[in-house]
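Enquirer: Got structure-v8.csv for you, CSV, C-alpha atoms:
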```
chain,number,residue,atom,x,y,z
A,1,MET,CA,-40.3,76.6,152.8
A,2,LYS,CA,-43.2,75.9,150.6
A,3,LEU,CA,-43.6,78.3,147.7
A,4,ALA,CA,-47.0,79.2,146.5
A,5,ARG,CA,-47.7,78.0,143.0
A,6,ARG,CA,-48.2,81.0,140.7
A,7,GLN,CA,-51.6,81.1,139.3
A,8,THR,CA,-51.5,81.4,135.5
A,9,LYS,CA,-54.5,82.9,133.8
A,10,ARG,CA,-55.8,80.9,130.9
A,11,GLY,CA,-57.0,82.9,128.0
A,12,ARG,CA,-60.4,82.2,126.7
A,13,VAL,CA,-62.5,83.5,123.8
A,14,GLU,CA,-65.4,85.6,125.0
A,15,ILE,CA,-68.3,84.3,123.0
A,16,ILE,CA,-71.0,86.7,123.9
A,17,PRO,CA,-69.2,90.0,122.9
A,18,MET,CA,-68.2,88.2,119.7
A,19,ILE,CA,-71.8,87.3,118.9
A,20,ASP,CA,-72.8,90.9,119.6
A,21,THR,CA,-70.1,92.2,117.3
A,22,ILE,CA,-71.0,89.8,114.5
A,23,LEU,CA,-74.7,90.7,114.8
A,24,ILE,CA,-74.0,94.4,114.6
A,25,LEU,CA,-71.8,93.9,111.6
A,26,LEU,CA,-74.5,91.8,110.0
A,27,ILE,CA,-77.2,94.4,110.6
A,28,PHE,CA,-74.8,97.1,109.2
A,29,TYR,CA,-74.2,95.1,106.0
A,30,MET,CA,-77.9,94.2,105.6
A,31,SER,CA,-79.0,97.8,106.0
A,32,PHE,CA,-76.4,99.8,104.1
A,33,SER,CA,-75.6,97.7,101.1
A,34,SER,CA,-77.3,96.9,97.8
A,35,PHE,CA,-76.7,94.1,95.5
A,36,LYS,CA,-74.8,94.8,92.4
A,37,VAL,CA,-77.0,95.6,89.4
A,38,GLN,CA,-74.9,95.8,86.2
A,39,GLU,CA,-75.1,99.3,84.8
A,40,LYS,CA,-74.2,99.9,81.2
A,41,ARG,CA,-73.4,102.9,79.1
A,42,ILE,CA,-74.4,103.8,75.6
A,43,ASP,CA,-72.3,106.6,74.1
A,44,ALA,CA,-73.9,109.1,71.8
A,45,ARG,CA,-72.4,112.1,70.3
A,46,LEU,CA,-73.9,115.5,70.5
A,47,PRO,CA,-74.4,118.3,69.6
A,48,ILE,CA,-77.9,117.7,68.7
A,49,ILE,CA,-79.1,118.8,65.4
A,50,SER,CA,-80.6,122.2,66.1
A,51,THR,CA,-84.0,122.9,64.9
A,52,LYS,CA,-82.7,126.2,63.7
A,53,VAL,CA,-80.0,124.8,61.4
A,54,ALA,CA,-81.0,124.0,57.9
A,55,ALA,CA,-81.3,120.3,57.5
A,56,THR,CA,-79.2,120.2,54.3
A,57,LYS,CA,-76.1,121.1,56.2
A,58,ILE,CA,-76.1,117.7,58.0
A,59,PRO,CA,-76.1,114.4,56.1
A,60,LEU,CA,-79.4,112.9,57.2
A,61,ASP,CA,-79.7,109.2,56.4
A,62,VAL,CA,-82.3,107.9,58.7
A,63,SER,CA,-84.8,109.8,60.8
A,64,VAL,CA,-86.4,107.9,63.7
A,65,ARG,CA,-89.4,109.4,65.3
A,66,VAL,CA,-90.4,107.7,68.5
A,67,ARG,CA,-94.1,108.1,69.6
A,68,ASN,CA,-94.0,105.1,71.9
A,69,LYS,CA,-92.4,101.7,72.0
A,70,ASP,CA,-95.0,100.3,69.5
A,71,GLU,CA,-95.0,103.3,67.2
A,72,ILE,CA,-91.6,104.3,65.8
A,73,ILE,CA,-91.7,106.0,62.4
A,74,VAL,CA,-88.6,105.7,60.3
A,75,ASN,CA,-88.1,108.3,57.5
A,76,GLY,CA,-91.7,109.4,58.0
A,77,THR,CA,-93.1,106.4,56.2
A,78,THR,CA,-92.6,103.0,57.9
A,79,THR,CA,-93.8,102.3,61.4
A,80,PHE,CA,-92.0,99.8,63.6
A,81,ASP,CA,-92.2,98.6,67.1
A,82,LEU,CA,-89.0,98.4,69.2
A,83,VAL,CA,-88.3,94.7,68.3
A,84,SER,CA,-88.8,95.2,64.5
A,85,LEU,CA,-86.8,98.5,64.7
A,86,ARG,CA,-83.8,96.5,66.0
A,87,ASP,CA,-84.0,94.2,63.0
A,88,ALA,CA,-84.3,97.2,60.6
A,89,MET,CA,-81.3,98.9,62.2
A,90,GLN,CA,-79.3,95.6,62.0
A,91,THR,CA,-80.0,95.6,58.3
A,92,LEU,CA,-79.0,99.2,58.0
A,93,GLY,CA,-75.9,98.6,60.0
A,94,ALA,CA,-75.0,95.7,57.7
A,95,ILE,CA,-75.2,98.0,54.7
A,96,GLY,CA,-73.1,100.7,56.1
A,97,GLN,CA,-72.2,101.8,59.6
A,98,GLU,CA,-71.5,105.3,58.5
A,99,ALA,CA,-75.2,106.0,58.3
A,100,THR,CA,-76.4,108.8,60.5
A,101,VAL,CA,-79.5,108.3,62.6
A,102,VAL,CA,-81.4,111.2,63.9
A,103,ILE,CA,-83.7,110.4,66.8
A,104,GLU,CA,-86.6,112.6,67.7
A,105,ALA,CA,-89.7,112.1,69.7
A,106,GLU,CA,-93.0,113.6,70.9
A,107,PRO,CA,-92.7,115.9,74.0
A,108,ASP,CA,-94.5,113.3,76.2
A,109,THR,CA,-92.7,110.2,74.8
A,110,SER,CA,-91.0,108.4,77.7
A,111,TYR,CA,-87.3,108.5,78.0
A,112,ARG,CA,-87.2,104.7,78.2
A,113,ASP,CA,-88.7,104.4,74.7
A,114,VAL,CA,-86.2,106.9,73.3
A,115,ILE,CA,-83.4,104.9,74.9
A,116,GLY,CA,-85.0,101.8,73.3
A,117,ALA,CA,-84.5,103.4,69.9
A,118,LEU,CA,-80.9,104.4,70.8
A,119,ASP,CA,-80.3,100.8,72.0
A,120,ALA,CA,-81.5,99.5,68.6
A,121,CYS,CA,-78.8,101.8,66.9
A,122,ALA,CA,-76.1,100.7,69.4
A,123,LEU,CA,-77.0,97.0,68.8
A,124,ALA,CA,-76.5,97.5,65.1
A,125,LYS,CA,-73.2,99.3,65.8
A,126,LEU,CA,-74.5,102.5,64.3
A,127,THR,CA,-72.4,105.1,66.1
A,128,ARG,CA,-73.5,108.2,64.3
A,129,VAL,CA,-76.6,108.9,66.4
A,130,ALA,CA,-77.9,112.4,67.1
A,131,PHE,CA,-81.0,113.7,68.7
A,132,ARG,CA,-83.2,116.5,67.5
A,133,PRO,CA,-84.5,118.5,70.4
A,134,LEU,CA,-87.9,120.0,70.5
A,135,ALA,CA,-88.4,123.4,69.0
A,136,ASP,CA,-88.5,126.2,71.6
A,137,LYS,CA,-91.9,127.5,72.4
A,138,PRO,CA,-92.5,131.0,70.9
A,139,GLY,CA,-91.5,133.6,73.5
A,140,ALA,CA,-89.5,131.2,75.6
A,141,THR,CA,-86.1,132.3,76.8
A,142,PRO,CA,-83.3,130.6,75.0
B,1,MET,CA,-76.8,79.9,115.4
B,2,ILE,CA,-73.3,81.5,115.5
B,3,ASP,CA,-72.4,79.5,112.3
B,4,THR,CA,-75.5,80.8,110.5
B,5,ILE,CA,-74.9,84.4,111.5
B,6,VAL,CA,-71.2,84.1,110.4
B,7,ILE,CA,-72.3,82.6,107.1
B,8,LEU,CA,-74.9,85.4,106.5
B,9,LEU,CA,-72.2,88.0,107.4
B,10,ILE,CA,-69.8,86.6,104.9
B,11,PHE,CA,-72.5,86.4,102.3
B,12,TYR,CA,-73.5,90.1,102.7
B,13,MET,CA,-69.8,91.2,102.9
B,14,THR,CA,-69.0,89.4,99.7
B,15,PHE,CA,-72.0,90.0,97.4
B,16,SER,CA,-73.0,93.5,98.3
B,17,ARG,CA,-71.6,96.9,97.5
B,18,PHE,CA,-72.2,100.4,98.8
B,19,VAL,CA,-74.1,102.9,96.7
B,20,GLU,CA,-71.7,105.3,95.2
B,21,ALA,CA,-72.2,108.9,96.2
B,22,SER,CA,-72.3,110.2,92.6
B,23,ARG,CA,-74.9,107.7,91.5
B,24,ASP,CA,-78.4,108.3,92.9
B,25,ALA,CA,-79.9,105.0,93.8
B,26,ALA,CA,-83.4,106.2,93.6
B,27,ILE,CA,-83.2,106.7,89.8
B,28,LYS,CA,-84.7,103.8,87.9
B,29,LEU,CA,-82.7,103.6,84.7
B,30,PRO,CA,-84.1,102.4,81.4
B,31,GLU,CA,-83.0,99.0,80.2
B,32,SER,CA,-80.8,98.3,77.1
B,33,LEU,CA,-79.3,95.3,75.4
B,34,ALA,CA,-76.3,97.1,74.0
B,35,GLY,CA,-73.7,99.1,75.9
B,36,ASP,CA,-70.4,98.8,77.5
B,37,GLU,CA,-69.5,98.4,81.1
B,38,PHE,CA,-70.2,101.4,83.2
B,39,LYS,CA,-67.1,103.2,84.1
B,40,GLN,CA,-66.5,106.8,85.2
B,41,MET,CA,-63.5,108.3,83.4
B,42,PRO,CA,-61.7,111.4,84.6
B,43,GLY,CA,-63.5,114.5,83.5
B,44,GLN,CA,-66.9,112.8,83.3
B,45,VAL,CA,-69.7,114.4,85.3
B,46,ILE,CA,-72.6,112.1,86.4
B,47,VAL,CA,-75.9,113.9,86.1
B,48,ASN,CA,-78.8,112.2,87.8
B,49,MET,CA,-82.0,113.5,86.4
B,50,PHE,CA,-85.6,112.8,87.4
B,51,SER,CA,-86.9,115.7,85.4
B,52,ALA,CA,-85.7,119.1,84.0
B,53,ASN,CA,-86.3,120.6,87.5
B,54,GLU,CA,-84.9,117.8,89.5
B,55,VAL,CA,-81.3,117.2,88.8
B,56,THR,CA,-78.6,116.0,91.3
B,57,ILE,CA,-74.8,116.0,90.8
B,58,ASP,CA,-72.8,114.5,93.6
B,59,LYS,CA,-75.9,114.4,95.7
B,60,GLN,CA,-76.3,118.2,95.4
B,61,PRO,CA,-79.6,119.4,93.9
B,62,TYR,CA,-79.3,121.6,90.8
B,63,GLN,CA,-81.5,123.1,88.1
B,64,LEU,CA,-80.6,122.2,84.5
B,65,SER,CA,-79.8,125.8,83.9
B,66,ASP,CA,-77.0,125.6,86.4
B,67,LEU,CA,-75.2,123.0,84.3
B,68,PRO,CA,-73.3,125.4,81.9
B,69,GLY,CA,-71.8,127.3,84.8
B,70,LEU,CA,-70.8,124.1,86.6
B,71,ILE,CA,-69.2,122.7,83.5
B,72,SER,CA,-67.3,126.0,82.8
B,73,ARG,CA,-66.0,125.9,86.4
B,74,MET,CA,-64.9,122.3,85.9
B,75,ARG,CA,-63.1,123.2,82.7
B,76,LYS,CA,-61.1,125.9,84.6
B,77,THR,CA,-60.0,123.4,87.2
B,78,ALA,CA,-59.5,120.4,85.0
B,79,PRO,CA,-55.9,119.4,83.9
B,80,ASP,CA,-54.8,120.7,80.5
B,81,GLY,CA,-56.2,118.7,77.6
B,82,GLN,CA,-58.9,116.9,79.7
B,83,LYS,CA,-62.2,116.9,78.0
B,84,ILE,CA,-65.4,117.3,80.1
B,85,SER,CA,-68.2,115.0,79.2
B,86,ILE,CA,-71.5,114.0,80.8
B,87,ILE,CA,-73.0,110.7,81.9
B,88,LEU,CA,-76.7,111.1,82.0
B,89,ARG,CA,-78.5,108.8,84.5
B,90,GLY,CA,-82.0,109.7,83.6
B,91,HIS,CA,-85.1,108.2,85.2
B,92,ARG,CA,-86.9,105.9,82.8
B,93,ASP,CA,-90.2,107.7,83.3
B,94,MET,CA,-89.0,111.2,82.4
B,95,THR,CA,-90.2,112.6,79.1
B,96,TYR,CA,-88.5,113.5,75.9
B,97,ARG,CA,-89.3,117.1,76.8
B,98,ASP,CA,-86.9,116.8,79.8
B,99,LEU,CA,-84.3,115.1,77.6
B,100,SER,CA,-84.6,117.8,75.0
B,101,ASP,CA,-84.0,120.5,77.7
B,102,PHE,CA,-81.0,118.6,78.8
B,103,MET,CA,-79.6,118.4,75.3
B,104,LYS,CA,-80.1,122.1,74.8
B,105,VAL,CA,-78.2,122.8,78.0
B,106,CYS,CA,-75.4,120.5,76.9
B,107,ALA,CA,-75.2,122.3,73.6
B,108,LYS,CA,-75.0,125.6,75.5
B,109,ALA,CA,-72.3,124.3,77.8
B,110,GLY,CA,-70.3,123.1,74.7
B,111,VAL,CA,-70.4,119.4,75.7
B,112,ALA,CA,-70.4,117.1,72.8
B,113,ASP,CA,-69.9,113.7,74.4
B,114,VAL,CA,-72.9,112.4,76.4
B,115,THR,CA,-73.1,108.9,77.7
B,116,PHE,CA,-76.5,107.4,78.6
B,117,ALA,CA,-76.5,105.1,81.6
B,118,THR,CA,-78.8,102.1,81.3
B,119,LEU,CA,-79.5,98.9,83.1
B,120,GLU,CA,-78.6,95.6,81.5
B,121,ALA,CA,-81.8,94.1,80.1
B,122,SER,CA,-82.5,90.4,80.2
B,123,ARG,CA,-82.5,89.0,76.7
```
Show me the file's structure as structure tokens.

Expert:
Amino acid sequence: MKLARRQTKRGRVEIIPMIDTILILLIFYMSFSSFKVQEKRIDARLPIISTKVAATKIPLDVSVRVRNKDEIIVNGTTTFDLVSLRDAMQTLGAIGQEATVVIEAEPDTSYRDVIGALDACALAKLTRVAFRPLADKPGATP
Amino acid sequence: MIDTIVILLIFYMTFSRFVEASRDAAIKLPESLAGDEFKQMPGQVIVNMFSANEVTIDKQPYQLSDLPGLISRMRKTAPDGQKISIILRGHRDMTYRDLSDFMKVCAKAGVADVTFATLEASR
């Protein structure tokens, strides 16, 4: 008696579904991902010096008034731009890092310029940085 | 072609990351040279701010005036001894007026530690 040889199924890799899967994965990653942009953090300590508190209660060493990136007035007398402010703060930081810096700005000064001034303090390792908020408008709710 | 697709796939899988829910990708942060690596510690709230009227926390829209209430609720639920602090992710084009309003709200909420998120500037 002749026995029929058993047919063995040979496994094979299905290429077309694999390409489909890979393409779908590729589209997914291309659509829903973003490249890593390094975010940093600059720590500052609040509370902010209130406009209502007498200035003598807080040791004010340096006052920095930011109008824009090219007009930053230190202690009401000297005008710097962002680059020269960094140098000035480095000098201040070398003298004493205990100095307190109070940053204030015009209402319409851009946040990026204010952070530029804060960055100059952080570069000089001046950690005592405070912000002076704008005075409340008369009649505004506190 | 398959080789190219696989290489592209590996590239995207390796060098990309997903936007974290707490960080609003639409915000263009200001640049800074100084600063430490961005890390969110326990008890830190990330506040994404376009302006005083456009604030998001965990993708939920808020008004700045809602912040003290939110902080006080967080304090109640926080473990003992955990301080609540704020990481401000402010849009680079917002004004000092907006920042001033934010600071006043922080003072009202009794938050003393504020961290400003920035982007690494090219030197």

Enquirer: Could you name the residues that touch Val45 (chain B) at 7 Å or less, counting only C-alpha atoms, but leaving out those on the same chain fewer than 3 positions away, as a list of chain:residue names?

Expert: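 Contacts, in chain order: B:Ser85, B:Ile86, B:Ile87.
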
Enquirer: Here is a test: counting all atoms listed in the file, which residue of B:Phe11, B:Ile71, B:Asp36, B:Pro30 is nearest to Ala107 (chain B)?

Expert: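 Checking each of B:Phe11, B:Ile71, B:Asp36, B:Pro30 against Ala107 (chain B), counting all atoms listed in the file, the winner is B:Ile71.
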
Enquirer: One decimal, Å: what's the distance from CA of Asp66 (chain B) over to CA of Val105 (chain B), could you say?

Expert: 8.9 Å

Enquirer: Tell me which of A:Thr77, A:Arg67, A:Lys9, A:Glu104 sits closest to Pro133 (chain A), counting all atoms listed in the file.

Expert: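 Checking each of A:Thr77, A:Arg67, A:Lys9, A:Glu104 against Pro133 (chain A), counting all atoms listed in the file, the winner is A:Glu104.
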
Enquirer: Using only C-alpha atoms, find the residues of chain B whose closest atom to chain A is at most 7 Å away, then write them as an mmCIF file with C-alpha atoms, in the coordinates of the input.

Expert:
```cif
data_model
loop_
_atom_site.group_PDB
_atom_site.id
_atom_site.type_symbol
_atom_site.label_atom_id
_atom_site.label_comp_id
_atom_site.auth_asym_id
_atom_site.auth_seq_id
_atom_site.Cartn_x
_atom_site.Cartn_y
_atom_site.Cartn_z
ATOM 1 C CA ILE B 2 -73.300 81.500 115.500
ATOM 2 C CA LEU B 9 -72.200 88.000 107.400
ATOM 3 C CA TYR B 12 -73.500 90.100 102.700
ATOM 4 C CA MET B 13 -69.800 91.200 102.900
ATOM 5 C CA PHE B 15 -72.000 90.000 97.400
ATOM 6 C CA SER B 16 -73.000 93.500 98.300
ATOM 7 C CA ARG B 17 -71.600 96.900 97.500
ATOM 8 C CA PHE B 18 -72.200 100.400 98.800
ATOM 9 C CA VAL B 19 -74.100 102.900 96.700
ATOM 10 C CA PRO B 30 -84.100 102.400 81.400
ATOM 11 C CA SER B 32 -80.800 98.300 77.100
ATOM 12 C CA LEU B 33 -79.300 95.300 75.400
ATOM 13 C CA ALA B 34 -76.300 97.100 74.000
ATOM 14 C CA GLY B 35 -73.700 99.100 75.900
ATOM 15 C CA ASP B 36 -70.400 98.800 77.500
ATOM 16 C CA GLU B 37 -69.500 98.400 81.100
ATOM 17 C CA PHE B 38 -70.200 101.400 83.200
ATOM 18 C CA ARG B 92 -86.900 105.900 82.800
ATOM 19 C CA ASP B 93 -90.200 107.700 83.300
ATOM 20 C CA MET B 94 -89.000 111.200 82.400
ATOM 21 C CA THR B 95 -90.200 112.600 79.100
ATOM 22 C CA TYR B 96 -88.500 113.500 75.900
ATOM 23 C CA ARG B 97 -89.300 117.100 76.800
ATOM 24 C CA SER B 100 -84.600 117.800 75.000
ATOM 25 C CA MET B 103 -79.600 118.400 75.300
ATOM 26 C CA ALA B 107 -75.200 122.300 73.600
ATOM 27 C CA ALA B 112 -70.400 117.100 72.800
ATOM 28 C CA ASP B 113 -69.900 113.700 74.400
ATOM 29 C CA VAL B 114 -72.900 112.400 76.400
ATOM 30 C CA THR B 115 -73.100 108.900 77.700
ATOM 31 C CA PHE B 116 -76.500 107.400 78.600
ATOM 32 C CA ALA B 117 -76.500 105.100 81.600
ATOM 33 C CA THR B 118 -78.800 102.100 81.300
ATOM 34 C CA LEU B 119 -79.500 98.900 83.100
ATOM 35 C CA GLU B 120 -78.600 95.600 81.500
#
```

Enquirer: When distances are computed from all atoms listed in the file, which of B:Lys104, B:Ala109, B:Glu54, B:Gln60 shows the smallest separation from Met74 (chain B)?

Expert: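 Smallest distance to Met74 (chain B) is found for B:Ala109.
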
Enquirer: Looking at B:Leu99, B:Ile46, B:Cys106, B:Ile84, which one is nearest to Ser65 (chain B), with distances taken over all atoms listed in the file?

Expert: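 Answer, going by the shortest atom-to-atom distance: B:Cys106.
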
Enquirer: I'd like the interatomic distance between CA of Leu67 (chain B) and CA of Gln44 (chain B), to a tenth of an Å.

Expert: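 CA of Leu67 (chain B) sits 13.2 Å away from CA of Gln44 (chain B).
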
Enquirer: What gap, in Å, lies between CA of Ser63 (chain A) and CA of Ala99 (chain A)?

Expert: 10.6 Å
